[in-house]
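Trainee: What follows is final-v8.cif, mmCIF, C-alpha atoms; chains and numbers go by the auth columns.
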```
data_entry
loop_
_atom_site.group_PDB
_atom_site.id
_atom_site.type_symbol
_atom_site.label_atom_id
_atom_site.label_comp_id
_atom_site.label_asym_id
_atom_site.label_seq_id
_atom_site.Cartn_x
_atom_site.Cartn_y
_atom_site.Cartn_z
_atom_site.B_iso_or_equiv
_atom_site.auth_seq_id
_atom_site.auth_asym_id
ATOM 1 C CA MET A 1 -31.312 -14.507 -22.519 0.00 17 A
ATOM 2 C CA ASN A 2 -32.277 -13.880 -18.882 0.00 18 A
ATOM 3 C CA ARG A 3 -35.872 -14.677 -19.584 0.00 19 A
ATOM 4 C CA PHE A 4 -34.936 -17.954 -21.277 0.00 20 A
ATOM 5 C CA THR A 5 -32.707 -18.975 -18.342 0.00 21 A
ATOM 6 C CA LEU A 6 -35.445 -18.192 -15.849 0.00 22 A
ATOM 7 C CA ILE A 7 -37.984 -20.261 -17.808 0.00 23 A
ATOM 8 C CA ALA A 8 -35.548 -23.166 -18.194 0.00 24 A
ATOM 9 C CA VAL A 9 -34.681 -23.221 -14.488 0.00 25 A
ATOM 10 C CA SER A 10 -38.381 -23.015 -13.525 0.00 26 A
ATOM 11 C CA ALA A 11 -39.236 -25.874 -15.870 0.00 27 A
ATOM 12 C CA ALA A 12 -36.377 -28.000 -14.517 0.00 28 A
ATOM 13 C CA LEU A 13 -37.496 -27.418 -10.924 0.00 29 A
ATOM 14 C CA LEU A 14 -41.081 -28.206 -11.803 0.00 30 A
ATOM 15 C CA MET A 15 -40.143 -31.441 -13.571 0.00 31 A
ATOM 16 C CA SER A 16 -37.849 -32.589 -10.776 0.00 32 A
ATOM 17 C CA SER A 17 -40.560 -32.099 -8.157 0.00 33 A
ATOM 18 C CA CYS A 18 -43.052 -34.133 -10.193 0.00 34 A
ATOM 19 C CA GLY A 19 -40.830 -37.196 -10.104 0.00 35 A
ATOM 20 C CA ALA A 20 -40.216 -37.038 -6.350 0.00 36 A
ATOM 21 C CA LYS A 21 -41.748 -39.845 -4.363 0.00 37 A
ATOM 22 C CA LYS A 22 -44.037 -38.850 -1.572 0.00 38 A
ATOM 23 C CA GLU A 23 -43.320 -40.334 1.798 0.00 39 A
ATOM 24 C CA GLN A 24 -46.210 -42.553 2.871 0.00 40 A
ATOM 25 C CA VAL A 25 -47.414 -41.951 6.357 0.00 41 A
ATOM 26 C CA GLN A 26 -49.214 -44.764 8.109 0.00 42 A
ATOM 27 C CA THR A 27 -52.174 -43.597 10.080 0.00 43 A
ATOM 28 C CA GLU A 28 -53.760 -45.229 13.062 0.00 44 A
ATOM 29 C CA PRO A 29 -57.360 -46.394 12.695 0.00 45 A
ATOM 30 C CA THR A 30 -59.855 -43.726 13.572 0.00 46 A
ATOM 31 C CA PRO A 31 -60.939 -44.264 17.150 0.00 47 A
ATOM 32 C CA ALA A 32 -64.606 -44.958 17.717 0.00 48 A
ATOM 33 C CA PRO A 33 -66.608 -42.115 19.179 0.00 49 A
ATOM 34 C CA VAL A 34 -66.824 -41.875 22.928 0.00 50 A
ATOM 35 C CA VAL A 35 -70.340 -41.560 24.249 0.00 51 A
ATOM 36 C CA GLU A 36 -70.700 -40.631 27.870 0.00 52 A
ATOM 37 C CA PRO A 37 -73.538 -42.284 29.757 0.00 53 A
ATOM 38 C CA THR A 38 -76.343 -39.861 30.420 0.00 54 A
ATOM 39 C CA GLN A 39 -78.373 -42.037 32.755 0.00 55 A
ATOM 40 C CA THR A 40 -78.424 -45.624 33.814 0.00 56 A
ATOM 41 C CA ALA A 41 -81.094 -47.856 32.376 0.00 57 A
ATOM 42 C CA THR A 42 -84.073 -48.622 34.540 0.00 58 A
ATOM 43 C CA PRO A 43 -84.796 -52.308 35.053 0.00 59 A
ATOM 44 C CA PHE A 44 -86.909 -53.597 32.185 0.00 60 A
ATOM 45 C CA THR A 45 -89.761 -56.008 32.723 0.00 61 A
ATOM 46 C CA PRO A 46 -91.111 -57.312 29.413 0.00 62 A
ATOM 47 C CA ASN A 47 -94.755 -58.035 28.698 0.00 63 A
ATOM 48 C CA GLU A 48 -95.428 -61.740 28.850 0.00 64 A
ATOM 49 C CA ASN A 49 -97.501 -61.628 25.667 0.00 65 A
ATOM 50 C CA GLY A 50 -94.877 -59.686 23.639 0.00 66 A
ATOM 51 C CA GLN A 51 -97.099 -56.684 22.974 0.00 67 A
ATOM 52 C CA THR A 52 -95.198 -53.453 22.327 0.00 68 A
ATOM 53 C CA THR A 53 -96.492 -49.933 22.864 0.00 69 A
ATOM 54 C CA LEU A 54 -96.595 -47.072 20.400 0.00 70 A
ATOM 55 C CA LEU A 55 -93.846 -45.235 22.304 0.00 71 A
ATOM 56 C CA GLN A 56 -91.627 -48.308 22.409 0.00 72 A
ATOM 57 C CA VAL A 57 -91.854 -48.687 18.633 0.00 73 A
ATOM 58 C CA LYS A 58 -91.202 -44.974 18.031 0.00 74 A
ATOM 59 C CA PHE A 59 -88.200 -44.941 20.360 0.00 75 A
ATOM 60 C CA TRP A 60 -86.959 -48.200 18.853 0.00 76 A
ATOM 61 C CA LYS A 61 -87.034 -46.577 15.398 0.00 77 A
ATOM 62 C CA LEU A 62 -85.067 -43.596 16.749 0.00 78 A
ATOM 63 C CA ALA A 63 -82.373 -45.877 18.175 0.00 79 A
ATOM 64 C CA ASN A 64 -81.914 -48.124 15.113 0.00 80 A
ATOM 65 C CA SER A 65 -79.689 -45.942 12.953 0.00 81 A
ATOM 66 C CA PRO A 66 -77.383 -44.708 15.743 0.00 82 A
ATOM 67 C CA LEU A 67 -76.978 -48.274 17.035 0.00 83 A
ATOM 68 C CA ASP A 68 -76.004 -49.453 13.556 0.00 84 A
ATOM 69 C CA SER A 69 -73.524 -46.586 13.292 0.00 85 A
ATOM 70 C CA ILE A 70 -71.940 -47.276 16.653 0.00 86 A
ATOM 71 C CA ALA A 71 -71.580 -50.968 15.805 0.00 87 A
ATOM 72 C CA ALA A 72 -69.773 -50.073 12.591 0.00 88 A
ATOM 73 C CA ALA A 73 -67.584 -47.552 14.415 0.00 89 A
ATOM 74 C CA TYR A 74 -66.449 -50.100 16.995 0.00 90 A
ATOM 75 C CA ALA A 75 -66.133 -53.097 14.642 0.00 91 A
ATOM 76 C CA GLU A 76 -62.386 -52.734 14.108 0.00 92 A
ATOM 77 C CA GLN A 77 -61.625 -52.127 17.769 0.00 93 A
ATOM 78 C CA LEU A 78 -63.691 -55.134 18.830 0.00 94 A
ATOM 79 C CA SER A 79 -61.754 -57.411 16.483 0.00 95 A
ATOM 80 C CA THR A 80 -58.427 -56.843 18.243 0.00 96 A
ATOM 81 C CA LYS A 81 -56.525 -59.778 19.727 0.00 97 A
ATOM 82 C CA ASP A 82 -55.135 -57.594 22.526 0.00 98 A
ATOM 83 C CA THR A 83 -57.135 -58.656 25.593 0.00 99 A
ATOM 84 C CA VAL A 84 -56.814 -55.359 27.451 0.00 100 A
ATOM 85 C CA ALA A 85 -57.745 -53.285 24.395 0.00 101 A
ATOM 86 C CA TYR A 86 -60.651 -55.638 23.685 0.00 102 A
ATOM 87 C CA LYS A 87 -62.045 -55.307 27.210 0.00 103 A
ATOM 88 C CA THR A 88 -61.715 -51.516 27.054 0.00 104 A
ATOM 89 C CA SER A 89 -63.474 -51.452 23.676 0.00 105 A
ATOM 90 C CA VAL A 90 -66.295 -53.710 24.901 0.00 106 A
ATOM 91 C CA GLU A 91 -66.889 -51.442 27.909 0.00 107 A
ATOM 92 C CA ALA A 92 -66.888 -48.318 25.735 0.00 108 A
ATOM 93 C CA PHE A 93 -69.176 -49.970 23.170 0.00 109 A
ATOM 94 C CA THR A 94 -71.613 -51.139 25.854 0.00 110 A
ATOM 95 C CA THR A 95 -71.701 -47.671 27.414 0.00 111 A
ATOM 96 C CA ALA A 96 -72.297 -46.057 24.024 0.00 112 A
ATOM 97 C CA ARG A 97 -75.040 -48.560 23.181 0.00 113 A
ATOM 98 C CA GLU A 98 -76.828 -47.939 26.490 0.00 114 A
ATOM 99 C CA SER A 99 -76.549 -44.161 26.056 0.00 115 A
ATOM 100 C CA ILE A 100 -78.020 -44.307 22.567 0.00 116 A
ATOM 101 C CA CYS A 101 -80.980 -46.317 23.832 0.00 117 A
ATOM 102 C CA LYS A 102 -81.555 -43.972 26.780 0.00 118 A
ATOM 103 C CA ASN A 103 -81.198 -40.849 24.627 0.00 119 A
ATOM 104 C CA SER A 104 -83.686 -42.314 22.158 0.00 120 A
ATOM 105 C CA GLY A 105 -86.247 -42.722 24.934 0.00 121 A
ATOM 106 C CA ILE A 106 -85.872 -46.440 25.644 0.00 122 A
ATOM 107 C CA SER A 107 -85.828 -46.361 29.432 0.00 123 A
ATOM 108 C CA GLY A 108 -84.893 -50.030 29.767 0.00 124 A
ATOM 109 C CA GLY A 109 -81.716 -49.518 27.738 0.00 125 A
ATOM 110 C CA TYR A 110 -80.352 -52.029 25.285 0.00 126 A
ATOM 111 C CA GLU A 111 -82.145 -54.902 27.020 0.00 127 A
ATOM 112 C CA GLU A 112 -85.500 -53.303 26.174 0.00 128 A
ATOM 113 C CA TYR A 113 -84.316 -52.460 22.652 0.00 129 A
ATOM 114 C CA LEU A 114 -83.521 -56.126 22.040 0.00 130 A
ATOM 115 C CA TRP A 115 -86.859 -57.204 23.473 0.00 131 A
ATOM 116 C CA ILE A 116 -88.695 -54.802 21.139 0.00 132 A
ATOM 117 C CA SER A 117 -86.608 -56.090 18.192 0.00 133 A
ATOM 118 C CA GLN A 118 -87.505 -59.682 19.020 0.00 134 A
ATOM 119 C CA ASN A 119 -91.212 -59.017 19.599 0.00 135 A
ATOM 120 C CA ILE A 120 -92.087 -56.401 17.001 0.00 136 A
ATOM 121 C CA GLY A 121 -93.024 -59.145 14.542 0.00 137 A
ATOM 122 C CA ASN A 122 -95.408 -60.762 17.034 0.00 138 A
ATOM 123 C CA PRO A 123 -98.908 -60.982 15.483 0.00 139 A
ATOM 124 C CA ILE A 124 -100.319 -59.095 18.476 0.00 140 A
ATOM 125 C CA ASN A 125 -98.345 -56.036 17.276 0.00 141 A
ATOM 126 C CA ARG A 126 -99.701 -56.143 13.695 0.00 142 A
ATOM 127 C CA PRO A 127 -102.392 -53.429 14.259 0.00 143 A
ATOM 128 C CA LEU A 128 -99.794 -51.094 15.767 0.00 144 A
ATOM 129 C CA LEU A 129 -97.339 -51.655 12.918 0.00 145 A
ATOM 130 C CA ASP A 130 -100.102 -51.159 10.352 0.00 146 A
ATOM 131 C CA SER A 131 -101.095 -47.854 11.959 0.00 147 A
ATOM 132 C CA LEU A 132 -97.475 -46.682 11.629 0.00 148 A
ATOM 133 C CA ASN A 133 -97.082 -48.078 8.092 0.00 149 A
ATOM 134 C CA LEU A 134 -94.296 -50.374 9.291 0.00 150 A
ATOM 135 C CA GLN A 135 -93.560 -53.917 8.258 0.00 151 A
ATOM 136 C CA SER A 136 -91.795 -56.447 10.435 0.00 152 A
ATOM 137 C CA MET A 137 -89.083 -58.603 8.949 0.00 153 A
#
```
Can you dump the structure from the file as structure tokens?
Mentor:
Amino acid sequence: MNRFTLIAVSAALLMSSCGAKKEQVQTEPTPAPVVEPTQTATPFTPNENGQTTLLQVKFWKLANSPLDSIAAAYAEQLSTKDTVAYKTSVEAFTTARESICKNSGISGGYEEYLWISQNIGNPINRPLLDSLNLQSM
């Protein structure tokens, strides 16, 4: 009889806990990563003819994925309507973007990265892209 009582009580406790509703906890959005600036960008002077160098293309490739990741990480924070939070997020995003470019070897920072992005498809760069088995969009 003791064994039966013990089993019955255990089963009742188990069944009562299964029907209990779990309290939902709202979580804050995950904050975007903070990237400390390692160096400031050196002033960038673009080539007038749009020709990129081998190192620029290699460093540009290194920066692409992290820049995409950081943009995705900050997307929610940059869509806020709170002016103060928006300005703080823009500053943090800009700092992170510059750091990624510098750490990837792009000495001119994001300005140079954009210039490379805009000029990589220039016909003058075709031999360089072919040698690296790259295609421009």
Trainee: Rank A:Ile140, A:Ile86, A:Ala91, A:Leu150 by their smallest atom-to-atom distance to A:Asn63, using all atoms listed in the file, and report the top residue only.
Mentor: A:Ile140
Trainee: Compare A:Leu145, A:Leu78, A:Ala88, A:Leu70 by their minimum atom-to-atom distance to A:Cys117, counting all atoms listed in the file, and give me the closest one.
Mentor: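 Residue with the minimum atom-to-atom distance to A:Cys117: A:Leu78.
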Trainee: Would you translate the PyMOL selection byres ((chain A and resi 105) around 12) into the concrete set of residues it matches in this file, as a PyMOL selection string?
Mentor: chain A and resi 47-50+86-87+89-104+106-113
Trainee: Between atom CA of A:Ser115 and atom CA of A:Pro143, what is the distance, to one decimal in Å?
Mentor: 29.9 Å
Trainee: One decimal, Å: what's the distance from atom CA of A:Gln72 over to atom CA of A:Leu148, could you say?
Mentor: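 Computing the Euclidean distance for atom CA of A:Gln72 and atom CA of A:Leu148 yields 12.4 Å.
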Trainee: To one decimal in Å, tell me the separation between atom CA of A:Ser147 and atom CA of A:Thr61.
Mentor: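 These two atoms are separated by 25.0 Å.
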Trainee: Please provide as a short mmCIF file (atom, residue, chain, number, x, y, z; two decimals) with C-alpha atoms, in the frame of the given file all residues within 9 Å of A:Gly121, with the sequence filter that same-chain residues fewer than 4 positions apart are discarded (counting all atoms listed in the file).
Mentor:
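See selection.cif below for the written result:
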```cif
data_model
loop_
_atom_site.label_atom_id
_atom_site.label_comp_id
_atom_site.auth_asym_id
_atom_site.auth_seq_id
_atom_site.Cartn_x
_atom_site.Cartn_y
_atom_site.Cartn_z
CA LEU A 71 -93.85 -45.24 22.30
CA GLN A 72 -91.63 -48.31 22.41
CA LYS A 74 -91.20 -44.97 18.03
CA PHE A 75 -88.20 -44.94 20.36
CA TRP A 76 -86.96 -48.20 18.85
CA LEU A 78 -85.07 -43.60 16.75
CA ALA A 79 -82.37 -45.88 18.18
CA ILE A 116 -78.02 -44.31 22.57
CA CYS A 117 -80.98 -46.32 23.83
CA GLY A 125 -81.72 -49.52 27.74
#
```
Trainee: With distances taken over all atoms listed in the file, which residue among A:Asp146, A:Pro59, A:Gln67, A:Glu114 lies nearest A:Ile132?
Mentor: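 Closest to A:Ile132 of all the choices is A:Gln67.
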Trainee: Just so the selection is clear, what residues does the PyMOL selection byres ((chain A and resi 137) around 10) cover here, as number ranges by chain?
Mentor: A: 66-68, 132-136, 138-142, 145, 151-153
Trainee: Residues of the last selection are to be written out with C-alpha atoms, as a PDB file, keeping the file's coordinate frame.
Mentor:
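Everything below was put into result_8.pdb:
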```
ATOM      1  CA  GLY A  66     -94.877 -59.686  23.639  1.00  0.00           C
ATOM      2  CA  GLN A  67     -97.099 -56.684  22.974  1.00  0.00           C
ATOM      3  CA  THR A  68     -95.198 -53.453  22.327  1.00  0.00           C
ATOM      4  CA  ILE A 132     -88.695 -54.802  21.139  1.00  0.00           C
ATOM      5  CA  SER A 133     -86.608 -56.090  18.192  1.00  0.00           C
ATOM      6  CA  GLN A 134     -87.505 -59.682  19.020  1.00  0.00           C
ATOM      7  CA  ASN A 135     -91.212 -59.017  19.599  1.00  0.00           C
ATOM      8  CA  ILE A 136     -92.087 -56.401  17.001  1.00  0.00           C
ATOM      9  CA  ASN A 138     -95.408 -60.762  17.034  1.00  0.00           C
ATOM     10  CA  PRO A 139     -98.908 -60.982  15.483  1.00  0.00           C
ATOM     11  CA  ILE A 140    -100.319 -59.095  18.476  1.00  0.00           C
ATOM     12  CA  ASN A 141     -98.345 -56.036  17.276  1.00  0.00           C
ATOM     13  CA  ARG A 142     -99.701 -56.143  13.695  1.00  0.00           C
ATOM     14  CA  LEU A 145     -97.339 -51.655  12.918  1.00  0.00           C
ATOM     15  CA  GLN A 151     -93.560 -53.917   8.258  1.00  0.00           C
ATOM     16  CA  SER A 152     -91.795 -56.447  10.435  1.00  0.00           C
ATOM     17  CA  MET A 153     -89.083 -58.603   8.949  1.00  0.00           C
TER      18      MET A 153
END
```
